[in-house]
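What follows is one structure encoded as structure tokens, with my remarks underneath.
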Amino acid sequence: MKYLPIDQKLYQKNRERFIKAMKPNSIAIFNASPVVAENGDAVYAYKANSNVTWLSGIVQEQTMVILYPDNKDQSAREVLVVQRPDELLEKWNGHLLRKDEATAISGIQNVQYVDSIDAMLQVWMHHAEYVYLDTNENDRRGDVLRTDLLFVDKIMKRYPLHKYERAAVIMKELRAIKTREEIDITQKAVDITHQAFLRVMRVIRPGIMEYELEAEITHEFLSNRATRHAYGCILASGDRARTLHYVDNNQECKDGELILMDFGAEYGNYCADLSRTIPVNGKFSKRQAEIYNACLNVHLYCASILKPKINYADYINKVNLEMEKQLMKIGLISKADIKNQDPENPAYRKYFYHGIGHHLGLDVHDLGTRNEPVKEGMLFTIEPGIYIEEEQVGVRIENNYWLTKNGNIDLFKGIPMTVQEIERYMKRK
Ligand SMILES: [Mn+2]
């Protein structure tokens with residue numbers, strides 16, 4: 001890992017929160033994701049199961065976290081399971097965690113090797129009444145590789161008469177609320193991302209290629225101990241900005257165009273998520289500034305109302321009304337368009353065709369419900385966008401907000417955001 005050691009308290013606190021939500025005499029079992037083959041013997045970059053990371057901080061394949069708070073064997077109430085170090089494997093792939101190293105990261109005292117866990121697990125299973133198993137209950141996608149189901153299948157076949165529970169239900173509640181410790185790490189991811197944005201503003205000029213900007217961002221990320229990009233970064237100049245997940249980044253940034261950039265660092269396994277739209281030549285045209293300000297107004301409006309207790313569905317409705325207002329102001333839709341609109345496909349949808357934001361955390365689209373009152377501790381992106389086919393332009397402005405008791409904190413506080421701030425910074429280069 002490139003990041004500096006993280007205080008194990010973060011993971012201890014998370015485990016305490018999960019344990020509190022468990023039924024009496026229950027055991028919970030979590031598995032890290034397997035390494036996924038790419039082609040031949042090459043593999044994809046490894047990202048462990050986020051629940052395992054959230055509970056232990058360990059990012060190594062074959063890791064398990066087993067929680068059994070009522071275990072009569074007190075020493076086995078929290079157990080971390082890791083791969084047994086293997087000299088030959090380490091010659092190829094590098095260091096594997098030793099037991100004391102795994103304890104230092106996670107704060108879990110009892111560390112066992114995965115090849116010896118079955119016998120112990122059997123005893124604990126025989127004592128436990130309820131069993132929490134971890135399945136991927138992502139609302140957005142169901143077609144991902146589901147190795148979690150193999151483990152569920154194995155355990156349920158072996159212990160068919162236990163009462164099974166879904167860990168995902170608890171995780172969805174808990175992971176949506178970020179602790180101060182988690183925000184401290186996220187803030188580092190945000191700060192690195194913030195610096196990368198300033199760097200892009202210093203180097204961008206007409207004629208530069210989108211991938212050259214990607215290289216600048218990547219250099220800034222890795223030099224500051226980010227593990228990697230939190231997601232495929234988007235550098236979309238001109239009309240390409242209307243493609244929401246444009247990641248080719250292989251075209252020239254031309255004089256007079258706006259470039260839409262969406263990127264974020266992953267630091268200590270936590271993600272930042274920033275979108276910015278700036279003029280390639282350092283100066284917004286009058287029309288570009290109009291569109292930009294309309295988008296900024298929606299963003300600022302969102303930030304002013306996204307506070308604990310607002311229902312997320314009400315929030316979205318209010319945001320959409322504000323978007324309508326701003327789109328009318330810049331002449332894109334009319335009162336008549338709104339009056340005659342199909343409620344299933346309202347007029348503003350032509351220019352704003354994605355959600356206003358999402359939970360952010362270990363996953364860039366993090367766990368959490370989006371149809372209940374929002375709560376203190378949640379971390380959301382706010383990212384309105386305006387995309388205009390007729391004018392071949394796209395604008396998106398995105399920051400990350402941590403909800404406090406009575407309001408929110410913008411983790412990107414101080415970053416150039418207005419037309420004036422951006423132009424002033426770009427002039428300075
Ligand atoms: Mn986002």
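The way I read the labels, and the way they are meant: chains A, B, ... in the order of the structure tokens, residue 1 as the first residue of every chain, and ligand 1 as the first ligand shown, with later ones counted on from there.
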Practice item. Give me the residues within 9 Å of Asp366 (chain A) as number ranges by chain, counting only C-alpha atoms and dropping any in the same chain fewer than 3 places off. Key: A: 172, 175-176, 358-363
Using only C-alpha atoms and all ligand atoms, what are the residues with an atom within 8 Å of ligand 1, set out as a PDB file with C-alpha atoms, in the first residue's frame?
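File written: selection-v5.pdb
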```pdb
ATOM      1  CA  ASP A 262     -14.346  14.251 -13.501  1.00  0.00           C
ATOM      2  CA  ASP A 273     -15.033  12.535  -6.507  1.00  0.00           C
ATOM      3  CA  LEU A 274     -14.583  15.911  -8.188  1.00  0.00           C
ATOM      4  CA  SER A 275     -16.012  17.382 -11.391  1.00  0.00           C
ATOM      5  CA  GLY A 357     -25.394  12.823  -6.532  1.00  0.00           C
ATOM      6  CA  HIS A 358     -24.586   9.673  -4.597  1.00  0.00           C
ATOM      7  CA  VAL A 364     -17.184   5.764  -5.268  1.00  0.00           C
ATOM      8  CA  HIS A 365     -20.896   4.971  -5.494  1.00  0.00           C
ATOM      9  CA  THR A 381     -21.587  14.234  -3.888  1.00  0.00           C
ATOM     10  CA  ILE A 382     -23.495  17.158  -5.355  1.00  0.00           C
ATOM     11  CA  GLU A 383     -23.057  17.155  -9.116  1.00  0.00           C
ATOM     12  CA  GLU A 398     -19.161  18.424  -8.279  1.00  0.00           C
TER      13      GLU A 398
END
```
**Study point:** Proximity to Ile278 (chain A) - best of A:Pro5, A:Gly394, A:Pro308, A:Gly207, only C-alpha atoms
**Key:** A:Gly394
**Study point:** Length of the CA of Lys154 (chain A) to CA of Met22 (chain A) vector [Å]
**Key:** 22.0 Å
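Those residues in region 33-120 of chain A carrying a DSSP assignment of strand (DSSP E), computed from the backbone, are Met64, Val65, Ile66, Leu67, Glu78, Val79, Leu80, Val81, Val82, Asn110, Val111, Gln112 and Tyr113 of chain A.
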Point to revise | Option closest in space to Met1 (chain A), from A:Leu149, A:Val59, A:Met378, A:Ala48 [counting only C-alpha atoms] | key: A:Val59
Revision key, fill the gap. Min atom-atom distance to Gly377 (chain A) from the set A:Tyr353, A:Tyr270, A:Tyr68, A:Trp402, counting only C-alpha atoms, belongs to A:Trp402
May I have the residues within 12 Å of Val123 (chain A) as a PDB file with N, CA and C atoms, in the first residue's frame, using only C-alpha atoms and disregarding those fewer than 4 positions away in the same chain?
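Output (selection03.pdb):
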```
ATOM      1  N   ILE A  27     -23.198 -15.077  14.642  1.00  0.00           N
ATOM      2  CA  ILE A  27     -21.854 -14.993  14.067  1.00  0.00           C
ATOM      3  C   ILE A  27     -21.969 -14.334  12.691  1.00  0.00           C
ATOM      4  N   TYR A  68     -18.111 -12.775  16.351  1.00  0.00           N
ATOM      5  CA  TYR A  68     -19.034 -13.599  17.148  1.00  0.00           C
ATOM      6  C   TYR A  68     -18.980 -13.055  18.578  1.00  0.00           C
ATOM      7  N   ASN A  71     -19.393 -15.288  21.629  1.00  0.00           N
ATOM      8  CA  ASN A  71     -18.611 -16.525  21.643  1.00  0.00           C
ATOM      9  C   ASN A  71     -18.125 -16.819  23.073  1.00  0.00           C
ATOM     10  N   LYS A  72     -18.368 -18.038  23.554  1.00  0.00           N
ATOM     11  CA  LYS A  72     -17.942 -18.389  24.926  1.00  0.00           C
ATOM     12  C   LYS A  72     -16.419 -18.347  25.021  1.00  0.00           C
ATOM     13  N   ASP A  73     -15.765 -18.632  23.923  1.00  0.00           N
ATOM     14  CA  ASP A  73     -14.306 -18.466  23.871  1.00  0.00           C
ATOM     15  C   ASP A  73     -14.028 -16.989  23.595  1.00  0.00           C
ATOM     16  N   ALA A  76     -12.003 -15.474  20.791  1.00  0.00           N
ATOM     17  CA  ALA A  76     -12.431 -15.654  19.394  1.00  0.00           C
ATOM     18  C   ALA A  76     -13.684 -14.836  19.070  1.00  0.00           C
ATOM     19  N   ILE A 117      -8.815 -22.607   9.261  1.00  0.00           N
ATOM     20  CA  ILE A 117      -9.979 -21.982   9.897  1.00  0.00           C
ATOM     21  C   ILE A 117     -11.199 -22.909   9.949  1.00  0.00           C
ATOM     22  N   ASP A 118     -11.289 -23.867   9.034  1.00  0.00           N
ATOM     23  CA  ASP A 118     -12.511 -24.676   8.935  1.00  0.00           C
ATOM     24  C   ASP A 118     -12.903 -25.369  10.246  1.00  0.00           C
ATOM     25  N   ALA A 119     -11.920 -25.960  10.917  1.00  0.00           N
ATOM     26  CA  ALA A 119     -12.205 -26.696  12.151  1.00  0.00           C
ATOM     27  C   ALA A 119     -12.709 -25.751  13.241  1.00  0.00           C
ATOM     28  N   HIS A 127     -22.203 -23.472  17.973  1.00  0.00           N
ATOM     29  CA  HIS A 127     -22.710 -22.736  19.139  1.00  0.00           C
ATOM     30  C   HIS A 127     -23.661 -21.607  18.749  1.00  0.00           C
ATOM     31  N   ALA A 128     -23.453 -21.059  17.559  1.00  0.00           N
ATOM     32  CA  ALA A 128     -24.218 -19.864  17.167  1.00  0.00           C
ATOM     33  C   ALA A 128     -25.623 -20.230  16.709  1.00  0.00           C
ATOM     34  N   TYR A 159     -24.483 -26.178   6.960  1.00  0.00           N
ATOM     35  CA  TYR A 159     -25.234 -25.906   8.195  1.00  0.00           C
ATOM     36  C   TYR A 159     -26.656 -25.481   7.821  1.00  0.00           C
TER      37      TYR A 159
END
```
Practice item. List the neighbours of Val200 (chain A) out to 8 Å using only C-alpha atoms; skip same-chain residues closer than 2 positions along the sequence, and give me the result as a list in words. Key: Ala196, Phe197, Leu198, Arg202, Val203, Ile204, Leu213, Glu216 and Ile217 of chain A
Exercise for review: Just the residues within 8 Å of Val190 (chain A), please, counting only C-alpha atoms, with nothing from its chain fewer than 4 positions along; format it as number ranges by chain.
Suggested key: A: 186, 194, 264-265, 271-273, 411-412
Requested write-out: all heavy atoms of the selected residues, as an mmCIF file, in the first residue's frame:
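This is the output file part29.cif:
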```
data_model
loop_
_atom_site.group_PDB
_atom_site.id
_atom_site.type_symbol
_atom_site.label_atom_id
_atom_site.label_comp_id
_atom_site.auth_asym_id
_atom_site.auth_seq_id
_atom_site.Cartn_x
_atom_site.Cartn_y
_atom_site.Cartn_z
ATOM 1 N N THR A 186 -10.734 10.389 4.108
ATOM 2 C CA THR A 186 -11.355 10.889 2.874
ATOM 3 C C THR A 186 -10.820 12.280 2.539
ATOM 4 O O THR A 186 -10.586 12.606 1.365
ATOM 5 C CB THR A 186 -12.890 10.949 3.021
ATOM 6 O OG1 THR A 186 -13.356 9.666 3.432
ATOM 7 C CG2 THR A 186 -13.559 11.338 1.722
ATOM 8 N N HIS A 194 -7.824 17.869 -5.087
ATOM 9 C CA HIS A 194 -7.833 19.337 -5.156
ATOM 10 C C HIS A 194 -6.519 19.845 -5.789
ATOM 11 O O HIS A 194 -6.521 20.647 -6.720
ATOM 12 C CB HIS A 194 -8.000 19.851 -3.711
ATOM 13 C CG HIS A 194 -8.127 21.325 -3.566
ATOM 14 N ND1 HIS A 194 -8.841 21.907 -2.548
ATOM 15 C CD2 HIS A 194 -7.622 22.369 -4.280
ATOM 16 C CE1 HIS A 194 -8.784 23.221 -2.650
ATOM 17 N NE2 HIS A 194 -8.035 23.527 -3.682
ATOM 18 N N GLY A 264 -10.987 11.571 -9.311
ATOM 19 C CA GLY A 264 -10.854 11.536 -7.859
ATOM 20 C C GLY A 264 -9.776 10.553 -7.461
ATOM 21 O O GLY A 264 -9.616 9.510 -8.095
ATOM 22 N N ALA A 265 -9.059 10.886 -6.415
ATOM 23 C CA ALA A 265 -8.015 9.994 -5.912
ATOM 24 C C ALA A 265 -8.628 8.988 -4.950
ATOM 25 O O ALA A 265 -9.614 9.277 -4.270
ATOM 26 C CB ALA A 265 -6.945 10.805 -5.192
ATOM 27 N N CYS A 271 -12.498 7.210 -1.259
ATOM 28 C CA CYS A 271 -12.549 7.882 -2.562
ATOM 29 C C CYS A 271 -12.910 9.361 -2.449
ATOM 30 O O CYS A 271 -13.714 9.751 -1.613
ATOM 31 C CB CYS A 271 -13.617 7.243 -3.449
ATOM 32 S SG CYS A 271 -13.364 5.497 -3.752
ATOM 33 N N ALA A 272 -12.344 10.147 -3.351
ATOM 34 C CA ALA A 272 -12.809 11.515 -3.592
ATOM 35 C C ALA A 272 -13.453 11.520 -4.968
ATOM 36 O O ALA A 272 -13.175 10.641 -5.796
ATOM 37 C CB ALA A 272 -11.638 12.485 -3.550
ATOM 38 N N ASP A 273 -14.309 12.496 -5.221
ATOM 39 C CA ASP A 273 -15.033 12.535 -6.507
ATOM 40 C C ASP A 273 -15.301 14.000 -6.869
ATOM 41 O O ASP A 273 -16.180 14.634 -6.302
ATOM 42 C CB ASP A 273 -16.349 11.755 -6.359
ATOM 43 C CG ASP A 273 -17.067 11.574 -7.690
ATOM 44 O OD1 ASP A 273 -16.575 12.082 -8.714
ATOM 45 O OD2 ASP A 273 -18.137 10.937 -7.694
ATOM 46 N N LEU A 411 -15.963 19.265 1.652
ATOM 47 C CA LEU A 411 -14.567 18.820 1.825
ATOM 48 C C LEU A 411 -13.639 19.514 0.821
ATOM 49 O O LEU A 411 -12.433 19.528 1.018
ATOM 50 C CB LEU A 411 -14.472 17.292 1.694
ATOM 51 C CG LEU A 411 -15.297 16.449 2.684
ATOM 52 C CD1 LEU A 411 -14.957 14.971 2.521
ATOM 53 C CD2 LEU A 411 -15.082 16.864 4.126
ATOM 54 N N PHE A 412 -14.198 20.064 -0.247
ATOM 55 C CA PHE A 412 -13.390 20.777 -1.245
ATOM 56 C C PHE A 412 -13.361 22.298 -0.983
ATOM 57 O O PHE A 412 -13.021 23.070 -1.876
ATOM 58 C CB PHE A 412 -13.915 20.518 -2.663
ATOM 59 C CG PHE A 412 -13.430 19.222 -3.250
ATOM 60 C CD1 PHE A 412 -14.251 18.101 -3.288
ATOM 61 C CD2 PHE A 412 -12.137 19.105 -3.753
ATOM 62 C CE1 PHE A 412 -13.799 16.905 -3.831
ATOM 63 C CE2 PHE A 412 -11.674 17.915 -4.296
ATOM 64 C CZ PHE A 412 -12.515 16.808 -4.335
#
```
Practice item. Select, from A:Pro279, A:Asp139, A:Val82, A:Tyr351, the residue with the minimum atom-to-atom distance to Tyr113 (chain A), counting only C-alpha atoms. Key: A:Val82
If you count only C-alpha atoms, which residues fall within 10 Å of Gly232 (chain A), apart from same-chain ones fewer than 5 positions away, as a CSV table (one decimal) with all heavy atoms, in the first residue's frame?
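And here's result_26.csv as it stands now:
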```csv
chain,number,residue,atom,x,y,z
A,245,HIS,N,-19.8,9.1,-19.3
A,245,HIS,CA,-18.6,8.2,-18.9
A,245,HIS,C,-17.6,8.2,-20.0
A,245,HIS,O,-17.1,7.1,-20.3
A,245,HIS,CB,-19.1,6.9,-18.4
A,245,HIS,CG,-19.8,6.9,-17.1
A,245,HIS,ND1,-20.5,5.8,-16.6
A,245,HIS,CD2,-19.9,7.9,-16.2
A,245,HIS,CE1,-21.1,6.2,-15.4
A,245,HIS,NE2,-20.7,7.4,-15.1
A,246,TYR,N,-17.3,9.3,-20.6
A,246,TYR,CA,-16.2,9.3,-21.6
A,246,TYR,C,-14.9,9.1,-20.9
A,246,TYR,O,-14.5,9.9,-20.1
A,246,TYR,CB,-16.3,10.7,-22.3
A,246,TYR,CG,-15.1,11.0,-23.2
A,246,TYR,CD1,-15.1,10.5,-24.5
A,246,TYR,CD2,-14.0,11.8,-22.8
A,246,TYR,CE1,-14.0,10.8,-25.4
A,246,TYR,CE2,-12.9,12.0,-23.6
A,246,TYR,CZ,-12.9,11.5,-24.9
A,246,TYR,OH,-11.9,11.8,-25.7
A,247,VAL,N,-14.2,8.1,-21.3
A,247,VAL,CA,-12.9,7.8,-20.6
A,247,VAL,C,-11.8,7.6,-21.6
A,247,VAL,O,-10.7,7.2,-21.3
A,247,VAL,CB,-12.9,6.6,-19.6
A,247,VAL,CG1,-13.7,7.0,-18.4
A,247,VAL,CG2,-13.5,5.4,-20.3
A,248,ASP,N,-12.1,7.8,-22.9
A,248,ASP,CA,-11.0,7.6,-23.9
A,248,ASP,C,-9.9,8.6,-23.8
A,248,ASP,O,-8.7,8.3,-24.0
A,248,ASP,CB,-11.6,7.7,-25.4
A,248,ASP,CG,-12.5,6.5,-25.7
A,248,ASP,OD1,-12.4,5.5,-25.0
A,248,ASP,OD2,-13.3,6.6,-26.7
A,262,ASP,N,-13.7,14.9,-14.6
A,262,ASP,CA,-14.3,14.3,-13.5
A,262,ASP,C,-13.3,13.2,-13.0
A,262,ASP,O,-13.0,12.3,-13.7
A,262,ASP,CB,-15.7,13.6,-13.9
A,262,ASP,CG,-16.4,13.0,-12.8
A,262,ASP,OD1,-15.8,12.7,-11.7
A,262,ASP,OD2,-17.7,12.8,-13.0
A,263,PHE,N,-12.7,13.5,-11.9
A,263,PHE,CA,-11.7,12.6,-11.4
A,263,PHE,C,-11.6,12.6,-9.9
A,263,PHE,O,-12.1,13.6,-9.3
A,263,PHE,CB,-10.3,12.9,-12.0
A,263,PHE,CG,-9.8,14.3,-11.8
A,263,PHE,CD1,-9.1,14.6,-10.6
A,263,PHE,CD2,-10.1,15.3,-12.7
A,263,PHE,CE1,-8.7,15.9,-10.4
A,263,PHE,CE2,-9.7,16.6,-12.5
A,263,PHE,CZ,-9.0,16.9,-11.3
A,264,GLY,N,-11.0,11.6,-9.3
A,264,GLY,CA,-10.9,11.5,-7.9
A,264,GLY,C,-9.8,10.6,-7.5
A,264,GLY,O,-9.6,9.5,-8.1
```
Exercise for review: Enumerate the residues of region 54-239 of chain A with a DSSP assignment of helix (DSSP H, G or I), computed from the backbone, and present them as a PyMOL selection string.
Suggested key: chain A and resi 54-56+74-76+87-93+99-106+114-127+148-158+167-176+180-203+210-223+238-239
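For the residues A:Ile58, A:Ile330, A:Ile356, A:Leu258, ranking by smallest atom-to-atom distance to Leu306 (chain A) using only C-alpha atoms places A:Ile356 first.
The shortest atom-to-atom distance to Asn250 (chain A), with only C-alpha atoms taken into account, belongs to A:Glu214 out of A:Glu214, A:Glu220, A:Asp7, A:Glu182.
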Exercise for review: For Glu173 (chain A), list every protein, DNA or RNA residue within 9 Å, evaluated using only C-alpha atoms, and leave out those in the same chain fewer than 4 positions away; present the list as a PyMOL selection string.
Suggested key: chain A and resi 168-169+177+367-369
Would you mind exporting all heavy atoms of the selected residues as a compact mmCIF listing (two decimals), in the first residue's frame?
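Once everything was written out, this is out-v6.txt:
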```
# COMPACT_ATOMS: atom_id res chain seq x y z
N ALA A 168 -25.80 -7.42 4.55
CA ALA A 168 -25.92 -6.25 3.66
C ALA A 168 -26.91 -5.21 4.19
O ALA A 168 -26.72 -4.01 3.99
CB ALA A 168 -26.34 -6.71 2.26
N VAL A 169 -27.95 -5.69 4.87
CA VAL A 169 -28.96 -4.76 5.39
C VAL A 169 -28.33 -3.83 6.43
O VAL A 169 -28.57 -2.62 6.44
CB VAL A 169 -30.14 -5.55 6.01
CG1 VAL A 169 -31.16 -4.60 6.62
CG2 VAL A 169 -30.78 -6.45 4.97
N ILE A 177 -23.15 6.16 7.08
CA ILE A 177 -22.80 7.17 8.08
C ILE A 177 -21.29 7.12 8.30
O ILE A 177 -20.76 6.12 8.75
CB ILE A 177 -23.50 6.89 9.43
CG1 ILE A 177 -24.99 6.63 9.22
CG2 ILE A 177 -23.22 8.00 10.43
CD1 ILE A 177 -25.83 7.83 8.92
N LEU A 367 -22.43 2.58 -0.45
CA LEU A 367 -23.68 2.02 0.07
C LEU A 367 -24.51 3.10 0.75
O LEU A 367 -23.99 4.04 1.33
CB LEU A 367 -23.37 0.95 1.11
CG LEU A 367 -22.77 -0.36 0.64
CD1 LEU A 367 -22.64 -1.31 1.82
CD2 LEU A 367 -23.64 -0.99 -0.43
N GLY A 368 -25.81 2.91 0.72
CA GLY A 368 -26.71 3.82 1.42
C GLY A 368 -28.03 3.90 0.69
O GLY A 368 -28.07 3.75 -0.52
N THR A 369 -29.09 4.15 1.44
CA THR A 369 -30.39 4.27 0.79
C THR A 369 -30.54 5.69 0.26
O THR A 369 -29.86 6.60 0.71
CB THR A 369 -31.54 3.99 1.77
OG1 THR A 369 -31.41 4.91 2.84
CG2 THR A 369 -31.49 2.58 2.28
```
